[in-house]
Amino acid sequence: MTCYLLRLRMLSERFCQERRRFLKARKISQPQSTCIYTSTVVFEDIPMISSVFSGQKRAPSASRKRMILLAFLLFFWMAAATFPAQAQGTPQQPPANPNQQEAPPEAGGPQNDIGPYVVPKKKEEPPPPAPEKPKKIENMPNYSISVDVPVVNLDVLVTSKDGQTIPGLTQANFKIIEDGAPQKIATFNQTKAPITAVLLVEFASTNYDFEIEALRASYAFASTLQKDDWVSVISYDMKPQILVDFTQDKRAVVAALNQLRMPGFSETNLFDALFDTLDRIDRIEGKKYVILVTTGFDSFSKINLDQIYKKVKATKDVTIYPVSVGFMAREYCEVHHCRTRGFIPATTMDYLQADNEVKTFAQLTGGRAYFPRFQGELPEDFQQIAADIRNQYSISYHPTNIKLDGTYRKLKVELQAPDGGPLKIHDQKGKEVKYVVYAREGYTAKHTVE
């Protein structure tokens, strides 16, 4: 027993020396009574050990003594290992995470691990290099070529004397003359394309027969429309009024005409209404047609006849088809000396002048004027107008006079035979047929200011 106690004391002293060396290396203050020397007194003070040796007078076995000694040494070693950590006053910071990414200073966001990052600003990139200029050849001046070639589009209608259209003509049968100089045709075709038309109707408080006949003429035109045609309806008295904008719905056209029941003013400002209509459709590309249902009488327009003629000449790709109404009422009032326009005096000479004016509108634009005497002629006239529109020859050419001076240039379209002489047309019986060529009388060239 004495041998075991001496060995335990030697181990305790060695442990105390190692512990002092460890605390001295760590520079930790040494508490008082850091080592407890084991002796018999020590074992007697510990209840767990003293109870083992108390009781019987016989000595314990060697295996039990080893187990008790090892348990005591293990407990003492664990207590000593945890003591330096408790003696250290300040807690240590955990090591930094090597995978943590710091926000770049350009981002403008937080510099620690709290808060979201802001999207970094893009660095200013240098501008791309300028394209290389072509190498300059010696003794060669610098210049560029720009060509602006004008194109004139022309719609031509060829009919017999009785108004029947003549199909089957070729490009070689047409001869175009501009200001006396022949022109070379660039394109030529005959198509039955859908039409884009404006129905311009006079509806004023003048004469009941005029109103009824104008409405019947308008309904007759609406009956000739096809599903792909675009039509707008405008009525006028003192000023024009758009009843329906361009539409392909025939029911909408008829519904617009149904609104014409109670006329407002007795003035018929034809020139103002036609000027406004031409100004609106001039911005539409392609061919346009104006079906003018009118008496031709102008009572109170702000513009005069010369101004409306200039507007008609300057408007391109527009063909006017006037349809006169009120012929029977005019003839009746001429015999019975009555007024046809209410309080506005209008004589036979005024109506004859009006007929000449609408004829000029048609001639300037390549259309035909119709003067039906009876209401039964209206459906046939509008059928003829539809046939004229859908059976025109479309011709384009580049004028030899390329000056863009804004001048008015006269046109003349003739039919020629293959040998260069006048073209002769015969009917099925071999009889020569006289024909009429309808085309614009001229056009206004573009005006470019240098």
# chains A, B, ... in the order shown; residues from 1 in each chain; ligands from 1
>>> residues_around(residues="Asp179 in chain A", least_positions_apart="4", cutoff="8 Å", atoms="only C-alpha atoms", output="PyMOL selection string")
chain A and resi 409-411
>>> residues_around(residues="range 389-392 of chain A", least_positions_apart="4", cutoff="8 Å", atoms="only C-alpha atoms", output="MDAnalysis selection string")
chainID A and resid 155:158 165 167 190:195 385
>>> select_by_dssp(residues="range 204-352 of chain A", states="strand (DSSP E)", output="ChimeraX atom specification")
/A:230-236,240-247,288-294,318-324
>>> write_last_selection(atoms="N, CA and C atoms", output="PDB file, in the first residue's frame")
ATOM      1  N   TRP A 230     -63.040  50.182-100.271  1.00  0.00           N
ATOM      2  CA  TRP A 230     -63.004  51.112 -99.138  1.00  0.00           C
ATOM      3  C   TRP A 230     -63.751  52.388 -99.535  1.00  0.00           C
ATOM      4  N   VAL A 231     -64.750  52.760 -98.734  1.00  0.00           N
ATOM      5  CA  VAL A 231     -65.612  53.895 -99.074  1.00  0.00           C
ATOM      6  C   VAL A 231     -65.817  54.765 -97.844  1.00  0.00           C
ATOM      7  N   SER A 232     -65.811  56.065 -98.071  1.00  0.00           N
ATOM      8  CA  SER A 232     -66.147  57.050 -97.050  1.00  0.00           C
ATOM      9  C   SER A 232     -67.300  57.909 -97.572  1.00  0.00           C
ATOM     10  N   VAL A 233     -68.177  58.339 -96.677  1.00  0.00           N
ATOM     11  CA  VAL A 233     -69.356  59.131 -97.054  1.00  0.00           C
ATOM     12  C   VAL A 233     -69.256  60.495 -96.381  1.00  0.00           C
ATOM     13  N   ILE A 234     -69.368  61.551 -97.195  1.00  0.00           N
ATOM     14  CA  ILE A 234     -69.318  62.933 -96.699  1.00  0.00           C
ATOM     15  C   ILE A 234     -70.480  63.687 -97.322  1.00  0.00           C
ATOM     16  N   SER A 235     -71.222  64.394 -96.515  1.00  0.00           N
ATOM     17  CA  SER A 235     -72.280  65.280 -97.006  1.00  0.00           C
ATOM     18  C   SER A 235     -71.875  66.729 -96.772  1.00  0.00           C
ATOM     19  N   TYR A 236     -72.456  67.625 -97.536  1.00  0.00           N
ATOM     20  CA  TYR A 236     -72.107  69.040 -97.371  1.00  0.00           C
ATOM     21  C   TYR A 236     -73.307  69.912 -97.671  1.00  0.00           C
ATOM     22  N   PRO A 240     -68.669  70.721 -95.002  1.00  0.00           N
ATOM     23  CA  PRO A 240     -68.700  69.255 -95.131  1.00  0.00           C
ATOM     24  C   PRO A 240     -68.804  68.570 -93.774  1.00  0.00           C
ATOM     25  N   GLN A 241     -69.423  67.408 -93.771  1.00  0.00           N
ATOM     26  CA  GLN A 241     -69.596  66.615 -92.561  1.00  0.00           C
ATOM     27  C   GLN A 241     -69.325  65.152 -92.908  1.00  0.00           C
ATOM     28  N   ILE A 242     -68.394  64.546 -92.199  1.00  0.00           N
ATOM     29  CA  ILE A 242     -68.048  63.146 -92.433  1.00  0.00           C
ATOM     30  C   ILE A 242     -69.075  62.264 -91.735  1.00  0.00           C
ATOM     31  N   LEU A 243     -69.845  61.525 -92.525  1.00  0.00           N
ATOM     32  CA  LEU A 243     -70.853  60.627 -91.968  1.00  0.00           C
ATOM     33  C   LEU A 243     -70.256  59.286 -91.569  1.00  0.00           C
ATOM     34  N   VAL A 244     -69.342  58.779 -92.345  1.00  0.00           N
ATOM     35  CA  VAL A 244     -68.640  57.551 -92.006  1.00  0.00           C
ATOM     36  C   VAL A 244     -67.261  57.616 -92.644  1.00  0.00           C
ATOM     37  N   ASP A 245     -66.253  57.202 -91.880  1.00  0.00           N
ATOM     38  CA  ASP A 245     -64.887  57.169 -92.399  1.00  0.00           C
ATOM     39  C   ASP A 245     -64.707  55.941 -93.291  1.00  0.00           C
ATOM     40  N   PHE A 246     -63.532  55.772 -93.844  1.00  0.00           N
ATOM     41  CA  PHE A 246     -63.294  54.680 -94.777  1.00  0.00           C
ATOM     42  C   PHE A 246     -63.615  53.343 -94.119  1.00  0.00           C
ATOM     43  N   THR A 247     -64.456  52.569 -94.779  1.00  0.00           N
ATOM     44  CA  THR A 247     -64.894  51.286 -94.258  1.00  0.00           C
ATOM     45  C   THR A 247     -65.151  50.337 -95.416  1.00  0.00           C
ATOM     46  N   LYS A 288     -57.205  57.055-105.781  1.00  0.00           N
ATOM     47  CA  LYS A 288     -58.399  57.469-105.062  1.00  0.00           C
ATOM     48  C   LYS A 288     -59.428  58.004-106.053  1.00  0.00           C
ATOM     49  N   TYR A 289     -60.681  57.875-105.680  1.00  0.00           N
ATOM     50  CA  TYR A 289     -61.772  58.330-106.541  1.00  0.00           C
ATOM     51  C   TYR A 289     -62.763  59.129-105.700  1.00  0.00           C
ATOM     52  N   VAL A 290     -63.297  60.176-106.322  1.00  0.00           N
ATOM     53  CA  VAL A 290     -64.319  61.008-105.681  1.00  0.00           C
ATOM     54  C   VAL A 290     -65.581  60.908-106.526  1.00  0.00           C
ATOM     55  N   ILE A 291     -66.634  60.336-105.936  1.00  0.00           N
ATOM     56  CA  ILE A 291     -67.950  60.261-106.586  1.00  0.00           C
ATOM     57  C   ILE A 291     -68.739  61.466-106.085  1.00  0.00           C
ATOM     58  N   LEU A 292     -68.873  62.465-106.949  1.00  0.00           N
ATOM     59  CA  LEU A 292     -69.467  63.749-106.565  1.00  0.00           C
ATOM     60  C   LEU A 292     -70.924  63.792-107.016  1.00  0.00           C
ATOM     61  N   VAL A 293     -71.841  63.658-106.074  1.00  0.00           N
ATOM     62  CA  VAL A 293     -73.280  63.734-106.336  1.00  0.00           C
ATOM     63  C   VAL A 293     -73.711  65.155-105.995  1.00  0.00           C
ATOM     64  N   THR A 294     -74.022  65.962-107.017  1.00  0.00           N
ATOM     65  CA  THR A 294     -74.229  67.387-106.794  1.00  0.00           C
ATOM     66  C   THR A 294     -75.037  68.007-107.926  1.00  0.00           C
ATOM     67  N   VAL A 318     -55.880  61.082-108.130  1.00  0.00           N
ATOM     68  CA  VAL A 318     -57.294  61.268-107.784  1.00  0.00           C
ATOM     69  C   VAL A 318     -58.081  61.452-109.074  1.00  0.00           C
ATOM     70  N   THR A 319     -59.180  60.702-109.183  1.00  0.00           N
ATOM     71  CA  THR A 319     -60.076  60.807-110.328  1.00  0.00           C
ATOM     72  C   THR A 319     -61.462  61.179-109.811  1.00  0.00           C
ATOM     73  N   ILE A 320     -62.066  62.187-110.419  1.00  0.00           N
ATOM     74  CA  ILE A 320     -63.373  62.687-109.991  1.00  0.00           C
ATOM     75  C   ILE A 320     -64.418  62.252-111.004  1.00  0.00           C
ATOM     76  N   TYR A 321     -65.525  61.688-110.498  1.00  0.00           N
ATOM     77  CA  TYR A 321     -66.672  61.286-111.313  1.00  0.00           C
ATOM     78  C   TYR A 321     -67.898  62.064-110.829  1.00  0.00           C
ATOM     79  N   PRO A 322     -68.229  63.200-111.458  1.00  0.00           N
ATOM     80  CA  PRO A 322     -69.425  63.949-111.048  1.00  0.00           C
ATOM     81  C   PRO A 322     -70.695  63.301-111.602  1.00  0.00           C
ATOM     82  N   VAL A 323     -71.743  63.312-110.774  1.00  0.00           N
ATOM     83  CA  VAL A 323     -73.070  62.840-111.174  1.00  0.00           C
ATOM     84  C   VAL A 323     -74.041  63.961-110.844  1.00  0.00           C
ATOM     85  N   SER A 324     -74.620  64.572-111.878  1.00  0.00           N
ATOM     86  CA  SER A 324     -75.526  65.710-111.688  1.00  0.00           C
ATOM     87  C   SER A 324     -76.917  65.217-111.299  1.00  0.00           C
TER      88      SER A 324
END
>>> select_by_dssp(residues="range 163-297 of chain A", states="alpha helix (DSSP H)", output="count of residues only")
35
>>> residues_around(residues="Leu260 in chain A", least_positions_apart="5", cutoff="9 Å", atoms="only C-alpha atoms", output="JSON, numbers by chain")
{"A": [203, 211, 215, 235]}
>>> write_last_selection(atoms="N, CA and C atoms", output="PDB file, in the first residue's frame")
ATOM      1  N   PHE A 203     -76.393  67.788 -99.794  1.00  0.00           N
ATOM      2  CA  PHE A 203     -77.659  67.605 -99.088  1.00  0.00           C
ATOM      3  C   PHE A 203     -77.942  68.885 -98.320  1.00  0.00           C
ATOM      4  N   GLU A 211     -83.051  66.784-103.040  1.00  0.00           N
ATOM      5  CA  GLU A 211     -82.681  65.939-101.909  1.00  0.00           C
ATOM      6  C   GLU A 211     -82.986  64.473-102.186  1.00  0.00           C
ATOM      7  N   LEU A 215     -80.245  61.344-102.681  1.00  0.00           N
ATOM      8  CA  LEU A 215     -80.244  60.138-101.859  1.00  0.00           C
ATOM      9  C   LEU A 215     -80.353  58.879-102.719  1.00  0.00           C
ATOM     10  N   SER A 235     -71.222  64.394 -96.515  1.00  0.00           N
ATOM     11  CA  SER A 235     -72.280  65.280 -97.006  1.00  0.00           C
ATOM     12  C   SER A 235     -71.875  66.729 -96.772  1.00  0.00           C
TER      13      SER A 235
END
>>> residues_around(residues="Asp249 in chain A", least_positions_apart="6", cutoff="10 Å", atoms="only C-alpha atoms", output="number ranges by chain")
A: 225-231
>>> closest_residue(among="A:Pro372, A:Pro150, A:Gly430, A:Gly163", to="Tyr397 in chain A", atoms="only C-alpha atoms")
A:Pro150
>>> residues_around(residues="Thr347 in chain A", least_positions_apart="3", cutoff="8 Å", atoms="only C-alpha atoms", output="PyMOL selection string")
chain A and resi 334+350-351
>>> write_last_selection(atoms="N, CA and C atoms", output="JSON list (two decimals), in the first residue's frame")
[["chain", "number", "residue", "atom", "x", "y", "z"],
["A", 334, "GLU", "N", -87.70, 76.21, -114.96],
["A", 334, "GLU", "CA", -87.40, 77.11, -116.07],
["A", 334, "GLU", "C", -88.65, 77.45, -116.86],
["A", 350, "ASP", "N", -76.96, 79.79, -114.42],
["A", 350, "ASP", "CA", -76.15, 79.34, -113.28],
["A", 350, "ASP", "C", -75.95, 77.82, -113.31],
["A", 351, "TYR", "N", -76.99, 77.10, -113.65],
["A", 351, "TYR", "CA", -76.86, 75.65, -113.70],
["A", 351, "TYR", "C", -76.02, 75.19, -114.89]]
>>> atom_distance(atom1="CA of Ala204 in chain A", atom2="CA of Gly264 in chain A")
6.2 Å
>>> closest_residue(among="A:Lys412, A:Lys239, A:Lys184, A:Lys424", to="Val151 in chain A", atoms="only C-alpha atoms")
A:Lys184
>>> decode(residues="range 197-213 of chain A", atoms="N, CA and C atoms", output="PDB file, in the first residue's frame")
ATOM      1  N   ALA A 197     -62.708  55.041-102.509  1.00  0.00           N
ATOM      2  CA  ALA A 197     -63.543  56.134-103.024  1.00  0.00           C
ATOM      3  C   ALA A 197     -64.179  56.911-101.884  1.00  0.00           C
ATOM      4  N   VAL A 198     -64.496  58.167-102.204  1.00  0.00           N
ATOM      5  CA  VAL A 198     -65.230  59.049-101.298  1.00  0.00           C
ATOM      6  C   VAL A 198     -66.531  59.436-101.987  1.00  0.00           C
ATOM      7  N   LEU A 199     -67.646  59.196-101.329  1.00  0.00           N
ATOM      8  CA  LEU A 199     -68.955  59.602-101.831  1.00  0.00           C
ATOM      9  C   LEU A 199     -69.278  60.963-101.234  1.00  0.00           C
ATOM     10  N   LEU A 200     -69.143  62.012-102.051  1.00  0.00           N
ATOM     11  CA  LEU A 200     -69.389  63.388-101.609  1.00  0.00           C
ATOM     12  C   LEU A 200     -70.766  63.813-102.099  1.00  0.00           C
ATOM     13  N   VAL A 201     -71.713  63.989-101.164  1.00  0.00           N
ATOM     14  CA  VAL A 201     -73.130  64.179-101.484  1.00  0.00           C
ATOM     15  C   VAL A 201     -73.562  65.581-101.073  1.00  0.00           C
ATOM     16  N   GLU A 202     -74.228  66.269-101.993  1.00  0.00           N
ATOM     17  CA  GLU A 202     -74.848  67.558-101.663  1.00  0.00           C
ATOM     18  C   GLU A 202     -76.203  67.298-101.025  1.00  0.00           C
ATOM     19  N   PHE A 203     -76.393  67.788 -99.794  1.00  0.00           N
ATOM     20  CA  PHE A 203     -77.659  67.605 -99.088  1.00  0.00           C
ATOM     21  C   PHE A 203     -77.942  68.885 -98.320  1.00  0.00           C
ATOM     22  N   ALA A 204     -78.732  69.759 -98.945  1.00  0.00           N
ATOM     23  CA  ALA A 204     -79.037  71.071 -98.358  1.00  0.00           C
ATOM     24  C   ALA A 204     -80.533  71.335 -98.464  1.00  0.00           C
ATOM     25  N   SER A 205     -80.966  72.319 -97.707  1.00  0.00           N
ATOM     26  CA  SER A 205     -82.385  72.673 -97.681  1.00  0.00           C
ATOM     27  C   SER A 205     -82.697  73.603 -98.855  1.00  0.00           C
ATOM     28  N   THR A 206     -82.711  73.022-100.054  1.00  0.00           N
ATOM     29  CA  THR A 206     -82.948  73.803-101.267  1.00  0.00           C
ATOM     30  C   THR A 206     -84.254  73.395-101.940  1.00  0.00           C
ATOM     31  N   ASN A 207     -84.280  72.152-102.444  1.00  0.00           N
ATOM     32  CA  ASN A 207     -85.444  71.670-103.164  1.00  0.00           C
ATOM     33  C   ASN A 207     -85.648  70.200-102.804  1.00  0.00           C
ATOM     34  N   TYR A 208     -86.876  69.851-102.598  1.00  0.00           N
ATOM     35  CA  TYR A 208     -87.169  68.483-102.178  1.00  0.00           C
ATOM     36  C   TYR A 208     -86.748  67.471-103.246  1.00  0.00           C
ATOM     37  N   ASP A 209     -86.963  67.817-104.518  1.00  0.00           N
ATOM     38  CA  ASP A 209     -86.571  66.899-105.593  1.00  0.00           C
ATOM     39  C   ASP A 209     -85.061  66.709-105.631  1.00  0.00           C
ATOM     40  N   PHE A 210     -84.324  67.757-105.352  1.00  0.00           N
ATOM     41  CA  PHE A 210     -82.865  67.627-105.311  1.00  0.00           C
ATOM     42  C   PHE A 210     -82.432  66.655-104.204  1.00  0.00           C
ATOM     43  N   GLU A 211     -83.051  66.784-103.040  1.00  0.00           N
ATOM     44  CA  GLU A 211     -82.681  65.939-101.909  1.00  0.00           C
ATOM     45  C   GLU A 211     -82.986  64.473-102.186  1.00  0.00           C
ATOM     46  N   ILE A 212     -84.180  64.200-102.694  1.00  0.00           N
ATOM     47  CA  ILE A 212     -84.577  62.822-102.946  1.00  0.00           C
ATOM     48  C   ILE A 212     -83.698  62.200-104.024  1.00  0.00           C
ATOM     49  N   GLU A 213     -83.426  62.949-105.070  1.00  0.00           N
ATOM     50  CA  GLU A 213     -82.621  62.393-106.154  1.00  0.00           C
ATOM     51  C   GLU A 213     -81.171  62.169-105.711  1.00  0.00           C
TER      52      GLU A 213
END
